[in-house]
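These notes are about the structure you will find just below.
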Protein chains: 4
Amino acid sequence: MTTFAALYVPDELGDAVSGRAWLGAMLETERALARAGELAGIVPGDAAKAIAAACEVDRYDWATLLREGRDVGNPAEPLVRALVEQVGEDAGRYVHLGATSQDVVDTAAMLVARRCLDLLLADLLRVADATAALARAHRETPVAGRTMLQQAVPTTFGLKAAGWLIATLDAARRLADVRANGLAAQLGGAAGTLAALGDRALDVSAHFAAELSLPEATLPWHTNRLRVAELGAALALCCGVASKVGLDLELLAQTEVGEVRFAGPGGGSSAMPQKQNPVDAMWARAAAALGHAHASVLIAAPAAEHERAGGGWQAEWDALSAGLAATGGAVAALARALESLEVDAGRMRTNLDLSGGAIVSERLALVLTERLGRTAARSLVRDAAARASADGGTFAEALAAAGTGLSAAELEAALDPTTYLGAAGAFVDRALARHVVERERSFA
Amino acid sequence: MTTFAALYVPDELGDAVSGRAWLGAMLETERALARAGELAGIVPGDAAKAIAAACEVDRYDWATLLREGRDVGNPAEPLVRALVEQVGEDAGRYVHLGATSQDVVDTAAMLVARRCLDLLLADLLRVADATAALARAHRETPVAGRTMLQQAVPTTFGLKAAGWLIATLDAARRLADVRANGLAAQLGGAAGTLAALGDRALDVSAHFAAELSLPEATLPWHTNRLRVAELGAALALCCGVASKVGLDLELLAQTEVGEVRFAGPGGGSSAMPQKQNPVDAMWARAAAALGHAHASVLIAAPAAEHERAGGGWQAEWDALSAGLAATGGAVAALARALESLEVDAGRMRTNLDLSGGAIVSERLALVLTERLGRTAARSLVRDAAARASADGGTFAEALAAAGTGLSAAELEAALDPTTYLGAAGAFVDRALARHVVERERSFA
Amino acid sequence: MTTFAALYVPDELGDAVSGRAWLGAMLETERALARAGELAGIVPGDAAKAIAAACEVDRYDWATLLREGRDVGNPAEPLVRALVEQVGEDAGRYVHLGATSQDVVDTAAMLVARRCLDLLLADLLRVADATAALARAHRETPVAGRTMLQQAVPTTFGLKAAGWLIATLDAARRLADVRANGLAAQLGGAAGTLAALGDRALDVSAHFAAELSLPEATLPWHTNRLRVAELGAALALCCGVASKVGLDLELLAQTEVGEVRFAGPGGGSSAMPQKQNPVDAMWARAAAALGHAHASVLIAAPAAEHERAGGGWQAEWDALSAGLAATGGAVAALARALESLEVDAGRMRTNLDLSGGAIVSERLALVLTERLGRTAARSLVRDAAARASADGGTFAEALAAAGTGLSAAELEAALDPTTYLGAAGAFVDRALARHVVERERSFA
Amino acid sequence: MTTFAALYVPDELGDAVSGRAWLGAMLETERALARAGELAGIVPGDAAKAIAAACEVDRYDWATLLREGRDVGNPAEPLVRALVEQVGEDAGRYVHLGATSQDVVDTAAMLVARRCLDLLLADLLRVADATAALARAHRETPVAGRTMLQQAVPTTFGLKAAGWLIATLDAARRLADVRANGLAAQLGGAAGTLAALGDRALDVSAHFAAELSLPEATLPWHTNRLRVAELGAALALCCGVASKVGLDLELLAQTEVGEVRFAGPGGGSSAMPQKQNPVDAMWARAAAALGHAHASVLIAAPAAEHERAGGGWQAEWDALSAGLAATGGAVAALARALESLEVDAGRMRTNLDLSGGAIVSERLALVLTERLGRTAARSLVRDAAARASADGGTFAEALAAAGTGLSAAELEAALDPTTYLGAAGAFVDRALARHVVERERSFA
């Protein structure tokens, strides 16, 4: 069942969510369990060694395990049987000791997620660095601020990029927090009591987690899927960033706007040789849409019956794999889009003039308010804008005709969009300062 | 990227959404386009033949096409290039003539969906037949009706199964309607005008659709994704049925309820040899949860920018593939669960007695209302129920003690749950009659 | 709890989902039930009359019923008690006879939905008529077709509007189908058997439905929430249309595109007097986003436990009310946006020239393919486009320089975007023809 | 438009999301802005005082503001006009100075959210305390552990409650984190540059946030809706807890399980006087389902166009209000359910015996493995379970007949479910210890 994911998921991430990766993670879980048993004194060293030796991915066939897993409800049970077969009856007594299938799948899920989160954080760092570079480079570059897709007042492209940067840092912080504190080994046995491990239960649990370098949870969490939901929520935030920035990039790249282009290879069209499509921004949005859907399954995970759900738990596996892949694909595509971005400051300047000065009507209104009062000033400005629009003249001409009491030079100065940028530069500096701090904190 | 889908998706359905299936469908689209061009007189017969000959799946490698599709934004464009290479420069002029990548992918999606819908309808038919058989066999079998998971009044297992049947028929009708009217060939060229086909455009369009045995849409539908959303909605309805019936089966199979069991192979546990898990009901619910998430992407498809979305369209492909697979997997699992169902009518009868007659307190209240008036009757019944619950005695005893004015025989008759089944039988018959009609209509 | 819905929900629709409307619908249900009992011979005529007289909205206080409904889990139970109080003990025996709270709420929901669907269909008709008028008026108006937000090839604004029209007709057809066949009276009693009605059950059921002019379902559908999901899906389709057209309108209205404006009152800004916001298109999108979320709850309704869900059913009420309101609000806003639309054909023409002819590069490639073969033609065109982009010259100049072998006149003709519109006109005609047919079918 | 929310939303929370509350919060924002301007030296003290005096909720009519807000796209703009009218032309110059409508609505949303989060945290604390009390009281109470709704192995009710406790603490931690760090004042002016405030921009911004006791964001966050998504995600986690615990409670309260009851007033039925419905658990699940849907809108908020979305932003308001109300309603209902919970330890013990000892088959398998090896032991146990199920005998009898080599006393001891509870007690203690710590941390 090859999917379209290869179109947007980086190979390394694709490998990290592959059947082989899951199989490897399940085997690593069984190995760690045997070793933990050894350290706790309930598994002979020889048995633990034999088990460890048998925990090699190439000895097992994932497709076969899935096929055998149909009847029992999960792929861990057939794996345990295959593992027992590998090590023989004697060491076989110590395979999977005290554990249940869910322990293996849940812990493997954490290992798979950890690897993917590392890749995701690395690509988020690329996004953060690229947006920070844009913010720095374009700290002073005026561009139209647009609300409801209408030009509103000027801003800077640097501030726009700084907004993307902060969103990226917000998402990275959540993801890094999940990476550090939200993953945990799962070991509870059939119903979470570890009864089959007798008085060595807590010992084995501690060694098991340590062996896998995963935190140990307060309780076995098979019944408490909050950490799955938190992971899903963190992925959704990343998808949110990819959707937002991808969308802004596509809007800026529109033929009629033309403020950015992409230097990358992409974007040819089968029918239209001239076309340069914003392919990476598009993949960022497409993958993010899919990531959101997968995340919704994870976010719904807590509503599970009793000690193990009859459906909800088993839905998590695909949602987690596909959700990590799609989210990672979205962020990677966004990184590529940003790294290949060509900014056309000249076109930004041209577009600022499209409204013939009306884009700074807010300033005009402020200046005139001091002379005429709020109501009169605002109605004068509104009328001038309306007249310009009706006559096809410019806003500046309409204002001049309206008798504002301002000199021509005063009027020209008031209508210059490049001098009405407020605290944009200061805000950019604040974002860049936070970038420096968060680089240490979230991406270390 | 092997997923967990193999755990619950039937092999045939898995094949139908595989990369190979998509590749085949895209090639079939190109073949049909060339043939349509021939019929419309703008493609030489030799070229059409050469193209048809080159449209063999084994000549192309899906993974390569996906890799090459990254930069251009879809896998159709590399396929067209490969196809041109196969047929050479002369016939190559007629490859993909007048079409755009979206035409190929959208039409292929319809072909993939059509094949999957056939499989899905076949499994829905199994579900309908199995529930109909249960409804017929258990037309008279009393079982506790349960609201908010509390025993309410008696019903029959036949009526319960009839409810599942009607839900199945409802979903099948929508799906069959989408199968018959909701799919359509897509051919619009770069922006939907078929401009590159000149005055043969409508001819080619008609031949193209006919060649693929797909309806021709009123307009090229690249910009109007309603049919994608309708397909998604129909899948969601199927998932709804699988969730509902799967859940009811799991609830009935609970250890403490024990009214159904599954004869199938499944359900063993790695740790608990005695356990019989409702594995197929579980897969039905798990797959349905995933199907719902994929369907939500399809349902959101209409919000696409202008003549082709920058993200939304491309997200459809995975959502469609995975949505068809998950939904089909859910329905197939449900069919297996129902076909292996063992109904324990004795246990149903025992459970009806758990409340010591209180399950027919509604009838008691009605009988007593005739004697005592509504308010007095209801409070007598409520008090008796409360007393029984407090004392640990039965409802019958508490009623006898309360002085209802009924003879012992009258009281016993009034408290017999098996004679308070109302129109259950007649309702079952109505459902079975509709089953007969819909079998012709939806599954033909 | 006054919400923001008043910002976008028409007053009439707001009334139709209000507490008062629900209360009225529940009373109408009780009235119809008593009357059905009378017709079936189990309720005395006087009692039915007394009950009908008491079924006046103004006798009851919705807020009180909600407060009392907290402890019992729904507002119908307190209403029944209040109704009994109104009619006295004698007639009171016949109040709510044989019914359960769910019968009242479900049937009332159908009545509320029916009224809202009528309003919704009326506004969908406005949308259909407005888009049809645009399609007709602009059958020949060239505009840039845009894929991935890049100009691709020319199309007509009429074809664009025709696409909106077809989407609207698709959604209306589903909605009209739900209106005609998807609603149904619900009467099942405590567990769907109508046991309390004895041998008059089917009679009462038939009269009840007839009295309300609602179809009678094959079975009581309290356990089968497919019709709720179908309604949700139909609302989602409407939201899809509103999202799509609203988005296209916002994109066309962008300051830098300027191809449409809105003549309506709206769109002023508190800070920027000159700004004309696409307010109605915005409300269409905002309300549609909310409608989608509410619809998702309805689409998930089938997964309900046994004979009545412990949570899922009760979540339907708010989702249905708010979903109908939001969807209706979205469609009404869209109708307003379209009815106030001013199309700037001149600006459309100007924008078509932005690419200096490259927008018809597809035609160039076709023309040159006949002379040079596919590969050479495409690379010549691609190079010219690239050169134009690099030099700042036009595509036409670059082509002329490239030596195409075409005369200047041939080149000019080939580069004219207004003559490369393919079957756009014919497609518009097909859409308009379908509009005529569907007006009868869906909106009658 | 009165909704059904009154059925499950506590009055205090209902007030906190009411139109009055939003109006109050918007006025508080305008007051704080004027005061901040005064502190920054750009608003005269008299004007600030006049504005503050005019910022009284009773002077304005929310319904009117909503009606007027239709045409301009939000309710803040009419409020500003009304406020100017209240204070007159002179002070009016300083109303809303430098701000845009979004500043007012976004900041008001934060104030509304803060109040609701306080209420929500208070109810989460009730849930945490109630589950902690259950965990402590039932540290040793055996109950069947159930996986896939089948009895698996014994656990304790204390451990079950401890699982609920930890989930609650997880959700509370996220919510408390959002409460402390995720809210922020929004002040950016028309496009985020605060250009209208000149060189006092950063001063005003700092004073504004301080005046409202809200954190100041690194940047104005009108373009970066991550904090809205984070709030949505935190609400979804709370809904997850309510769904999980509500579902477990309903399952435990089933007539056939009977392990818990609710002492509360609720649960009567209109038709069935004896019925005790788990009404509060039901509301918890119903409200959580709605909360999830609203949260999904918030989680999707980041995908907003440029400096202000044309639809996405405006959809946030209802989603936020309704999402806070539904989530709070879910948690409050859960608190009531837990606080009225009656645990039937005797019934738990009885249910443990339903399988005739098979519930501890895992222990049997372990004990026998030491004697017979893994494979033989497991097959002996499986055969005995199968025989018991087939013959209707008990598992103990079948085992005795099978010749396990264990003495009768050994067999009896091995089959005692109350001595196979593993580390349940120790886990409970760990959860209770974390409860103590988190009470300080999250609920302070």
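Note on naming: chains are A, B, ... as they come in the structure tokens, residues start from 1 per chain, ligands start from 1 in the order shown.
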
Could you please tell me, as a ChimeraX atom specification, which residues of chain C have an atom within 6 Å of chain B when using only C-alpha atoms? /C:93,145-148,167,191,193-195,198,219,224,233,240,243-244,248,302-304,306-310,374,420-424,427

Residues at most 12 Å from Glu30 (chain B), counting only C-alpha atoms, excluding those fewer than 5 positions away in the same chain, as a ChimeraX atom specification? /B:23-25,35-37,48-56,76-77,79-84,92,94-101,103-105,107-108,186-187,208-209,211-212

How would the residues just picked look written out with C-alpha atoms as a PDB file, in the first residue's frame?
```pdb
ATOM      1  CA  LEU B  23      -0.720   4.189 -11.643  1.00  0.00           C
ATOM      2  CA  GLY B  24      -2.983   1.881 -13.589  1.00  0.00           C
ATOM      3  CA  ALA B  25      -5.862   4.299 -13.309  1.00  0.00           C
ATOM      4  CA  ARG B  35      -8.692   7.111 -27.898  1.00  0.00           C
ATOM      5  CA  ALA B  36     -11.211   9.919 -27.397  1.00  0.00           C
ATOM      6  CA  GLY B  37      -8.982  12.147 -29.468  1.00  0.00           C
ATOM      7  CA  ALA B  48      -3.693   6.343 -30.207  1.00  0.00           C
ATOM      8  CA  LYS B  49      -2.699   2.732 -30.615  1.00  0.00           C
ATOM      9  CA  ALA B  50       0.882   3.423 -29.673  1.00  0.00           C
ATOM     10  CA  ILE B  51      -0.209   5.292 -26.612  1.00  0.00           C
ATOM     11  CA  ALA B  52      -2.572   2.522 -25.598  1.00  0.00           C
ATOM     12  CA  ALA B  53       0.215   0.014 -25.944  1.00  0.00           C
ATOM     13  CA  ALA B  54       2.450   2.105 -23.746  1.00  0.00           C
ATOM     14  CA  CYS B  55      -0.186   2.379 -21.026  1.00  0.00           C
ATOM     15  CA  GLU B  56       0.937  -0.752 -19.263  1.00  0.00           C
ATOM     16  CA  ALA B  76       0.933  12.958 -13.321  1.00  0.00           C
ATOM     17  CA  GLU B  77       3.430  15.293 -14.882  1.00  0.00           C
ATOM     18  CA  LEU B  79       4.094  10.086 -15.851  1.00  0.00           C
ATOM     19  CA  VAL B  80       3.266  12.098 -18.958  1.00  0.00           C
ATOM     20  CA  ARG B  81       6.948  12.636 -19.589  1.00  0.00           C
ATOM     21  CA  ALA B  82       7.643   8.940 -19.174  1.00  0.00           C
ATOM     22  CA  LEU B  83       4.794   8.078 -21.462  1.00  0.00           C
ATOM     23  CA  VAL B  84       6.069  10.438 -24.150  1.00  0.00           C
ATOM     24  CA  GLY B  92       4.287  11.827 -28.191  1.00  0.00           C
ATOM     25  CA  TYR B  94      -0.676  13.309 -28.925  1.00  0.00           C
ATOM     26  CA  VAL B  95       0.011  12.163 -25.404  1.00  0.00           C
ATOM     27  CA  HIS B  96      -2.043  14.011 -22.775  1.00  0.00           C
ATOM     28  CA  LEU B  97      -3.403  16.238 -25.525  1.00  0.00           C
ATOM     29  CA  GLY B  98      -5.403  19.118 -24.176  1.00  0.00           C
ATOM     30  CA  ALA B  99      -5.304  17.794 -20.653  1.00  0.00           C
ATOM     31  CA  THR B 100      -3.691  18.992 -17.464  1.00  0.00           C
ATOM     32  CA  SER B 101      -2.248  16.986 -14.604  1.00  0.00           C
ATOM     33  CA  ASP B 103      -7.486  15.869 -15.249  1.00  0.00           C
ATOM     34  CA  VAL B 104      -5.390  12.742 -14.976  1.00  0.00           C
ATOM     35  CA  VAL B 105      -5.284  12.570 -11.203  1.00  0.00           C
ATOM     36  CA  THR B 107     -10.176  10.970 -13.288  1.00  0.00           C
ATOM     37  CA  ALA B 108      -7.866   8.297 -11.907  1.00  0.00           C
ATOM     38  CA  GLN B 186     -12.722  15.138 -15.301  1.00  0.00           C
ATOM     39  CA  LEU B 187     -11.384  16.818 -18.404  1.00  0.00           C
ATOM     40  CA  PHE B 208     -13.374  10.383 -22.925  1.00  0.00           C
ATOM     41  CA  ALA B 209     -16.100   9.812 -20.369  1.00  0.00           C
ATOM     42  CA  GLU B 211     -14.438   5.317 -22.925  1.00  0.00           C
ATOM     43  CA  LEU B 212     -14.050   5.109 -19.135  1.00  0.00           C
TER      44      LEU B 212
END
```

Mind listing the alpha helix (DSSP H) residues of region 260-420 of chain D, per DSSP on the backbone, as a PyMOL selection string? chain D and resi 279-299+312-339+345-352+361-372+374-391+395-402+408-414

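Straight-line separation from CA of Gly357 (chain C) to CA of Ala135 (chain C): 25.3 Å.
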
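Note that CA of Ser213 (chain B) and CA of Ala122 (chain B) are 20.0 Å apart.
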
Contact residues around His294 (chain D) with only C-alpha atoms at 10 Å, ignoring same-chain residues under 2 positions, as a PDB file with N, CA, C and O atoms, in the first residue's frame:
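Contents of around-v8.pdb, freshly written:
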```
ATOM      1  N   LEU C 290     -17.645  27.430  11.239  1.00  0.00           N
ATOM      2  CA  LEU C 290     -18.383  26.968  12.419  1.00  0.00           C
ATOM      3  C   LEU C 290     -19.374  25.870  12.033  1.00  0.00           C
ATOM      4  O   LEU C 290     -19.533  24.880  12.755  1.00  0.00           O
ATOM      5  N   ALA C 293     -17.792  22.529  11.883  1.00  0.00           N
ATOM      6  CA  ALA C 293     -17.522  21.933  13.191  1.00  0.00           C
ATOM      7  C   ALA C 293     -18.794  21.338  13.790  1.00  0.00           C
ATOM      8  O   ALA C 293     -18.788  20.222  14.320  1.00  0.00           O
ATOM      9  N   HIS C 294     -19.878  22.063  13.705  1.00  0.00           N
ATOM     10  CA  HIS C 294     -21.142  21.528  14.223  1.00  0.00           C
ATOM     11  C   HIS C 294     -21.545  20.281  13.435  1.00  0.00           C
ATOM     12  O   HIS C 294     -22.005  19.285  14.010  1.00  0.00           O
ATOM     13  N   VAL C 297     -20.118  16.977  14.527  1.00  0.00           N
ATOM     14  CA  VAL C 297     -20.780  16.321  15.661  1.00  0.00           C
ATOM     15  C   VAL C 297     -21.962  15.488  15.157  1.00  0.00           C
ATOM     16  O   VAL C 297     -22.182  14.353  15.603  1.00  0.00           O
TER      17      VAL C 297
ATOM     18  N   GLY D 232      -7.245  26.080  22.556  1.00  0.00           N
ATOM     19  CA  GLY D 232      -8.140  25.046  22.044  1.00  0.00           C
ATOM     20  C   GLY D 232      -7.639  23.654  22.397  1.00  0.00           C
ATOM     21  O   GLY D 232      -8.422  22.784  22.812  1.00  0.00           O
ATOM     22  N   LEU D 235      -8.278  22.917  26.009  1.00  0.00           N
ATOM     23  CA  LEU D 235      -9.683  22.580  26.228  1.00  0.00           C
ATOM     24  C   LEU D 235      -9.961  21.145  25.764  1.00  0.00           C
ATOM     25  O   LEU D 235     -10.690  20.394  26.426  1.00  0.00           O
ATOM     26  N   ALA D 236      -9.382  20.775  24.629  1.00  0.00           N
ATOM     27  CA  ALA D 236      -9.599  19.423  24.118  1.00  0.00           C
ATOM     28  C   ALA D 236      -9.085  18.375  25.110  1.00  0.00           C
ATOM     29  O   ALA D 236      -9.693  17.311  25.278  1.00  0.00           O
ATOM     30  N   ALA D 288     -18.492  17.260  26.426  1.00  0.00           N
ATOM     31  CA  ALA D 288     -17.134  17.061  25.919  1.00  0.00           C
ATOM     32  C   ALA D 288     -17.133  16.873  24.407  1.00  0.00           C
ATOM     33  O   ALA D 288     -16.228  17.346  23.708  1.00  0.00           O
ATOM     34  N   ALA D 289     -18.152  16.178  23.893  1.00  0.00           N
ATOM     35  CA  ALA D 289     -18.228  16.012  22.438  1.00  0.00           C
ATOM     36  C   ALA D 289     -18.355  17.366  21.752  1.00  0.00           C
ATOM     37  O   ALA D 289     -17.719  17.625  20.724  1.00  0.00           O
ATOM     38  N   LEU D 290     -19.157  18.236  22.329  1.00  0.00           N
ATOM     39  CA  LEU D 290     -19.305  19.580  21.770  1.00  0.00           C
ATOM     40  C   LEU D 290     -18.024  20.383  21.944  1.00  0.00           C
ATOM     41  O   LEU D 290     -17.585  21.110  21.045  1.00  0.00           O
ATOM     42  N   GLY D 291     -17.431  20.258  23.116  1.00  0.00           N
ATOM     43  CA  GLY D 291     -16.185  20.975  23.378  1.00  0.00           C
ATOM     44  C   GLY D 291     -15.102  20.596  22.376  1.00  0.00           C
ATOM     45  O   GLY D 291     -14.352  21.459  21.895  1.00  0.00           O
ATOM     46  N   HIS D 292     -15.019  19.318  22.061  1.00  0.00           N
ATOM     47  CA  HIS D 292     -14.042  18.875  21.058  1.00  0.00           C
ATOM     48  C   HIS D 292     -14.266  19.578  19.719  1.00  0.00           C
ATOM     49  O   HIS D 292     -13.318  19.995  19.057  1.00  0.00           O
ATOM     50  N   SER D 296     -11.779  22.215  17.840  1.00  0.00           N
ATOM     51  CA  SER D 296     -11.180  21.985  16.524  1.00  0.00           C
ATOM     52  C   SER D 296     -11.130  23.266  15.701  1.00  0.00           C
ATOM     53  O   SER D 296     -10.218  23.460  14.893  1.00  0.00           O
ATOM     54  N   VAL D 297     -12.095  24.147  15.903  1.00  0.00           N
ATOM     55  CA  VAL D 297     -12.071  25.439  15.212  1.00  0.00           C
ATOM     56  C   VAL D 297     -10.901  26.288  15.727  1.00  0.00           C
ATOM     57  O   VAL D 297     -10.189  26.932  14.952  1.00  0.00           O
ATOM     58  N   LEU D 298     -10.694  26.260  17.031  1.00  0.00           N
ATOM     59  CA  LEU D 298      -9.592  27.040  17.610  1.00  0.00           C
ATOM     60  C   LEU D 298      -8.245  26.474  17.168  1.00  0.00           C
ATOM     61  O   LEU D 298      -7.301  27.221  16.883  1.00  0.00           O
ATOM     62  N   ILE D 299      -8.161  25.158  17.119  1.00  0.00           N
ATOM     63  CA  ILE D 299      -6.901  24.528  16.725  1.00  0.00           C
ATOM     64  C   ILE D 299      -6.568  24.853  15.270  1.00  0.00           C
ATOM     65  O   ILE D 299      -5.408  24.901  14.879  1.00  0.00           O
ATOM     66  N   GLU D 316     -13.490  32.454  15.378  1.00  0.00           N
ATOM     67  CA  GLU D 316     -12.930  32.130  16.696  1.00  0.00           C
ATOM     68  C   GLU D 316     -13.881  32.499  17.837  1.00  0.00           C
ATOM     69  O   GLU D 316     -13.911  31.832  18.873  1.00  0.00           O
ATOM     70  N   ASP D 318     -17.220  32.676  18.446  1.00  0.00           N
ATOM     71  CA  ASP D 318     -18.227  31.715  18.883  1.00  0.00           C
ATOM     72  C   ASP D 318     -17.569  30.431  19.382  1.00  0.00           C
ATOM     73  O   ASP D 318     -18.013  29.825  20.355  1.00  0.00           O
ATOM     74  N   ALA D 319     -16.529  30.014  18.658  1.00  0.00           N
ATOM     75  CA  ALA D 319     -15.864  28.761  19.042  1.00  0.00           C
ATOM     76  C   ALA D 319     -15.245  28.891  20.427  1.00  0.00           C
ATOM     77  O   ALA D 319     -15.276  27.957  21.230  1.00  0.00           O
ATOM     78  N   LEU D 320     -14.701  30.064  20.699  1.00  0.00           N
ATOM     79  CA  LEU D 320     -14.087  30.272  22.005  1.00  0.00           C
ATOM     80  C   LEU D 320     -15.144  30.288  23.106  1.00  0.00           C
ATOM     81  O   LEU D 320     -15.026  29.597  24.121  1.00  0.00           O
ATOM     82  N   SER D 321     -16.175  31.083  22.906  1.00  0.00           N
ATOM     83  CA  SER D 321     -17.244  31.173  23.909  1.00  0.00           C
ATOM     84  C   SER D 321     -17.858  29.803  24.160  1.00  0.00           C
ATOM     85  O   SER D 321     -17.956  29.335  25.300  1.00  0.00           O
ATOM     86  N   ALA D 322     -18.294  29.179  23.083  1.00  0.00           N
ATOM     87  CA  ALA D 322     -18.980  27.906  23.227  1.00  0.00           C
ATOM     88  C   ALA D 322     -18.021  26.813  23.687  1.00  0.00           C
ATOM     89  O   ALA D 322     -18.415  25.897  24.420  1.00  0.00           O
ATOM     90  N   GLY D 323     -16.774  26.902  23.260  1.00  0.00           N
ATOM     91  CA  GLY D 323     -15.786  25.901  23.660  1.00  0.00           C
ATOM     92  C   GLY D 323     -15.465  25.979  25.141  1.00  0.00           C
ATOM     93  O   GLY D 323     -15.356  24.961  25.837  1.00  0.00           O
ATOM     94  N   LEU D 324     -15.316  27.210  25.655  1.00  0.00           N
ATOM     95  CA  LEU D 324     -15.078  27.361  27.092  1.00  0.00           C
ATOM     96  C   LEU D 324     -16.293  26.870  27.874  1.00  0.00           C
ATOM     97  O   LEU D 324     -16.146  26.190  28.903  1.00  0.00           O
ATOM     98  N   ALA D 325     -17.481  27.205  27.390  1.00  0.00           N
ATOM     99  CA  ALA D 325     -18.689  26.806  28.111  1.00  0.00           C
ATOM    100  C   ALA D 325     -18.866  25.291  28.100  1.00  0.00           C
ATOM    101  O   ALA D 325     -19.140  24.679  29.141  1.00  0.00           O
ATOM    102  N   ALA D 326     -18.703  24.678  26.939  1.00  0.00           N
ATOM    103  CA  ALA D 326     -18.915  23.238  26.851  1.00  0.00           C
ATOM    104  C   ALA D 326     -17.860  22.477  27.661  1.00  0.00           C
ATOM    105  O   ALA D 326     -18.186  21.534  28.387  1.00  0.00           O
ATOM    106  N   THR D 327     -16.618  22.917  27.549  1.00  0.00           N
ATOM    107  CA  THR D 327     -15.569  22.233  28.293  1.00  0.00           C
ATOM    108  C   THR D 327     -15.793  22.392  29.793  1.00  0.00           C
ATOM    109  O   THR D 327     -15.685  21.426  30.566  1.00  0.00           O
TER     110      THR D 327
END
```
